[in-house]
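Enquirer: Before anything else, here's the structure in question.
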Amino acid sequence: MFGNGAATEVASWRDPAGLHEACQTCYPTRLTHGPLIGATTATSARVLVRTDATRRTRVRLANEAMPAETHAAVVYPSPHDDYTAAFDLDGLVAETRYAVEVEVEGVVLGTASLTTAPAAGTSGVFRFAFGSCAKDRAQPIFATIGTLAPDAFLFVGDNHYGNTPDLQSLWWNYRYALEVPERAQLLAATPTLAIWDDHDYVGNNTDGTAPGKANALRAFGDYWGNPPTGLPTEPGVYFRASWGDVDFFMLDDRYERSVLGSAGATILGPEQTAWLERELEASTATFRVIASGTIFSLTGDETWVDYPTSRNRLFSFIRDHAIPGVVLISGDVHRSQLRKIHRTGDYDLPEVVSSPLANSNSTCPASVEPDAAQLACVDTGHYFAVLDVDTTRADPRLVARIVDGSGTSVASMTVLRSELE
């Protein structure tokens with residue numbers, strides 16, 4: 001029985017129009033989520049969308065200066081991927097703005113825009129934003145990020161708080177997150193790359209032994225427009241991306257993480273570790289930014305310090321192979337920090353910690369470990385970080401800023417390329 005017994009209720013009802021098919025979808029529109037601008041290079045772009053069912057879906061890019069020059073792809077989203085689809089569009093022109101149209105069964109239902117990256121290795125003036133820990137339903141900080149017009153935005157973990165190994169629940173959390181209006185608007189206008197940490201992996205403080213991690217990997221791949229991730233021999237969400245002469249090494253700190261305290265415990269796993277070393281050595285970028293959901297410094301549970309085998313190997317590799325220009329970025333700890341890690345026989349490693357985008361705060365530590373210096377720490381609001389990079393200078397410069405929800409820079413750190421050699 002339905003209803004609450006109100007006098008206006010009737011026992012039965014018949015549509016006077018008779019039997020018909022007026023309802024086309026249970027959603028407000030057949031395009032339920034997106035477009036989301038993902039991995040963008042000088043000649044390609046990945047655009048991710050979700051529809052309400054398997055329908056003919058076409059994404060078209062048009063050069064705004066030459067509308068007749070179009071690039072399009074057609075996909076039929078599948079329930080296997082929760083009706084998400086990633087469109088790979090090639091043959092684009094570097095540093096060019098394109099209009100994006102999403103057409104579902106012949107009707108344009110979504111629009112966006114993107115700007116392609118400079119050619120790999122090209123020097124320039126770039127801006128990148130990043131952050132972690134977006135739990136609250138209200139996430140106005142994404143609108144603030146958008147006002148600064150970053151060239152790319154990096155999610156560095158805890159992008160949602162599903163805390164579950166269940167595939168359907170993970171899909172639901174991604175849909176829920178993309179329905180936050182400010183977040184959806186930023187991701188429709190800014191190339192976005194993502195890695196995870198524990199809460200959007202399987203659950204709080206989980207590691208590579210967690211049941212259901214394959215479901216987490218599947219759902220993550222369905223809802224982010226990253227380039228291909230992981231290796232056939234060791235899957236995960238790690239990958240390398242470039243913007244001009246800045247390289248990003250996006251790490252997976254969960255899928256192969258050892259049980260904390262086990263002998264020789266690793267945070268990355270052997271194949272990802274070897275992959276990172278190969279990629280760092282092959283890179284010729286002016287700045288090499290290594291991103292991890294887990295912070296690299298500060299003693300305590302759930303940090304790289306608690307995995308000394310992995311941390312020492314990475315830092316020793318950078319020193320022994322004379323890898324220049326390394327900057328570390330991370331999240332997770334619900335406060336934002338600017339730090340430098342001291343290393344014997346090599347340059348100090350800058351670390352920028354950005355958290356939370358939309359969550360509660362944790363208190364800044366009263367002291368730091370002996371091998372690190374804390375230049376700034378803020379813990380009274382919502383924050384993101386900005387990396388302003390200028391590689392056209394005689395001595396290229398990276399300025400890291402912690403920015404609050406109002407757009408005010410509350411701390412900054414300047415790093416010269418000559419200091420990272």
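As shown in the structure tokens, the chain order sets the letters A, B, ...; within each chain, residues go from 1, and ligands are also counted from 1 in the order they appear.
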Show me, as a PyMOL selection string, the residues that have an atom within 9 Å of Thr70 (chain A) when counting only C-alpha atoms, minus same-chain residues fewer than 5 positions from it.

Expert: chain A and resi 60-63

Enquirer: At a cut-off of 9 Å, using only C-alpha atoms, what residues contact Gly331 (chain A)? Leave out same-chain residues fewer than 5 positions from it and give the result as JSON, numbers by chain.

Expert: {"A": [131, 132, 133, 156, 157, 158, 197, 291, 292, 293, 294, 295, 336, 352, 353, 354, 355, 356]}

Enquirer: Go through A:Ala152, A:Ala189, A:Ala53, A:Leu89 one by one, measure the shortest atom-to-atom distance of each to Val386 (chain A) using only C-alpha atoms, and give the residue with the smallest value.

Expert: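 Using only C-alpha atoms, Val386 (chain A) sits closest to A:Ala152.
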
Enquirer: Could you name the residues that touch region 104-106 of chain A at 8 Å or less, counting only C-alpha atoms, but leaving out those on the same chain fewer than 4 positions away, as a ChimeraX atom specification?

Expert: /A:30-31,55-58

Enquirer: So that I can see what lies close to Arg343 (chain A), please list as a VMD selection string the residues with an atom at most 9 Å from it, counting only C-alpha atoms and leaving out residues fewer than 4 positions away in the same chain.

Expert: chain A and resid 315 319 347 to 349 371 to 372

Enquirer: So how many Å separate CA of Ile267 (chain A) and CA of His342 (chain A), to one decimal?

Expert: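 Pair CA of Ile267 (chain A) / CA of His342 (chain A) returns 20.7 Å.
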
Enquirer: Could you pull out all residues of region 28-248 of chain A with a DSSP call of strand (DSSP E) and give them as a ChimeraX atom specification?

Expert: /A:31-40,45-51,57-63,66-75,84-89,97-104,107-115,125-131,152-156,192-195,239-243,246-248

Enquirer: To one decimal in Å, tell me the separation between CA of Asp151 (chain A) and CA of Leu186 (chain A).

Expert: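 Interatomic distance, CA of Asp151 (chain A) to CA of Leu186 (chain A): 11.4 Å.
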
Enquirer: Can you list, as a ChimeraX atom specification, every protein, DNA or RNA residue that comes within 8 Å of Lys135 (chain A) when you count only C-alpha atoms, leaving out same-chain residues fewer than 5 positions away?

Expert: /A:158-161,358-359

Enquirer: Only N, CA and C atoms, please: the residues just picked out, written as a PDB file, in the first residue's frame.

Expert:
```pdb
ATOM      1  N   ASP A 158      41.944  10.058  -1.823  1.00  0.00           N
ATOM      2  CA  ASP A 158      40.726  10.285  -1.042  1.00  0.00           C
ATOM      3  C   ASP A 158      39.786  11.206  -1.810  1.00  0.00           C
ATOM      4  N   ASN A 159      39.592  10.832  -3.069  1.00  0.00           N
ATOM      5  CA  ASN A 159      38.729  11.606  -3.960  1.00  0.00           C
ATOM      6  C   ASN A 159      37.259  11.386  -3.641  1.00  0.00           C
ATOM      7  N   HIS A 160      36.957  10.267  -2.990  1.00  0.00           N
ATOM      8  CA  HIS A 160      35.669  10.057  -2.346  1.00  0.00           C
ATOM      9  C   HIS A 160      35.936   9.182  -1.119  1.00  0.00           C
ATOM     10  N   TYR A 161      34.922   8.994  -0.298  1.00  0.00           N
ATOM     11  CA  TYR A 161      35.083   8.254   0.951  1.00  0.00           C
ATOM     12  C   TYR A 161      34.127   7.056   0.982  1.00  0.00           C
ATOM     13  N   ALA A 358      37.819  19.176   1.278  1.00  0.00           N
ATOM     14  CA  ALA A 358      36.491  19.296   1.893  1.00  0.00           C
ATOM     15  C   ALA A 358      36.351  18.209   2.949  1.00  0.00           C
ATOM     16  N   ASN A 359      36.911  18.466   4.117  1.00  0.00           N
ATOM     17  CA  ASN A 359      36.856  17.513   5.212  1.00  0.00           C
ATOM     18  C   ASN A 359      37.302  18.235   6.483  1.00  0.00           C
TER      19      ASN A 359
END
```

Enquirer: Which parts of region 63-143 of chain A does DSSP call helix (DSSP H, G or I) when run on the backbone here, written out as a list in words?

Expert: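 DSSP on the backbone gives helix (DSSP H, G or I) at Pro79, His80, Asp81, Ile141, Phe142 and Ala143 of chain A.
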
Enquirer: Quick one: everything within 10 Å of Gln139 (chain A), counting only C-alpha atoms, minus sequence neighbours fewer than 5 positions away in the same chain. Send it as a VMD selection string.

Expert: chain A and resid 134 144 177 180 to 183 357 to 359 382 405

Enquirer: How close does region 72-129 of chain A get to region 236-251 of chain A? List, as CSV, each residue of region 72-129 of chain A within 9 Å, its nearest atom pair and the distance in Å to one decimal, counting only C-alpha atoms.

Expert:
```
residue,atom,partner,partner_atom,distance
A:Ala117,CA,A:Trp243,CA,5.8
A:Pro118,CA,A:Gly244,CA,5.0
A:Ala119,CA,A:Gly244,CA,5.7
A:Ala120,CA,A:Gly244,CA,4.7
A:Gly121,CA,A:Asp245,CA,4.1
A:Thr122,CA,A:Gly244,CA,4.5
A:Ser123,CA,A:Asp245,CA,5.6
A:Gly124,CA,A:Gly244,CA,7.0
A:Phe126,CA,A:Trp243,CA,8.3
```

Enquirer: Write the residues of the selection above to a file with C-alpha atoms, as a compact mmCIF listing (two decimals), in the first residue's frame.

Expert:
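Output (selection11.txt):
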```
# COMPACT_ATOMS: atom_id res chain seq x y z
CA ALA A 117 49.34 20.84 -23.73
CA PRO A 118 52.55 22.29 -25.13
CA ALA A 119 54.75 19.86 -27.00
CA ALA A 120 56.71 17.61 -24.66
CA GLY A 121 59.92 19.31 -23.55
CA THR A 122 58.70 22.82 -24.36
CA SER A 123 59.59 25.43 -21.77
CA GLY A 124 56.91 27.82 -20.61
CA PHE A 126 52.54 26.79 -16.32
```

Enquirer: Compile the contact shell of Thr116 (chain A) as a ChimeraX atom specification: residues with an atom at most 10 Å away, counting only C-alpha atoms, same-chain residues fewer than 5 positions apart removed.

Expert: /A:39-45,92-98,151,191,243

Enquirer: Closest to Pro232 (chain A) among A:Ser297, A:Thr363, A:Gln272, A:Thr111, using only C-alpha atoms?

Expert: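 Among A:Ser297, A:Thr363, A:Gln272, A:Thr111, it is A:Gln272 that comes nearest to Pro232 (chain A).
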
Enquirer: Out of A:Glu101, A:Glu256, A:Asp15, A:Asp82, which residue has the shortest atom-to-atom distance to Trp172 (chain A) when counting only C-alpha atoms?

Expert: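 That would be A:Asp82, the residue with the smallest distance to Trp172 (chain A).
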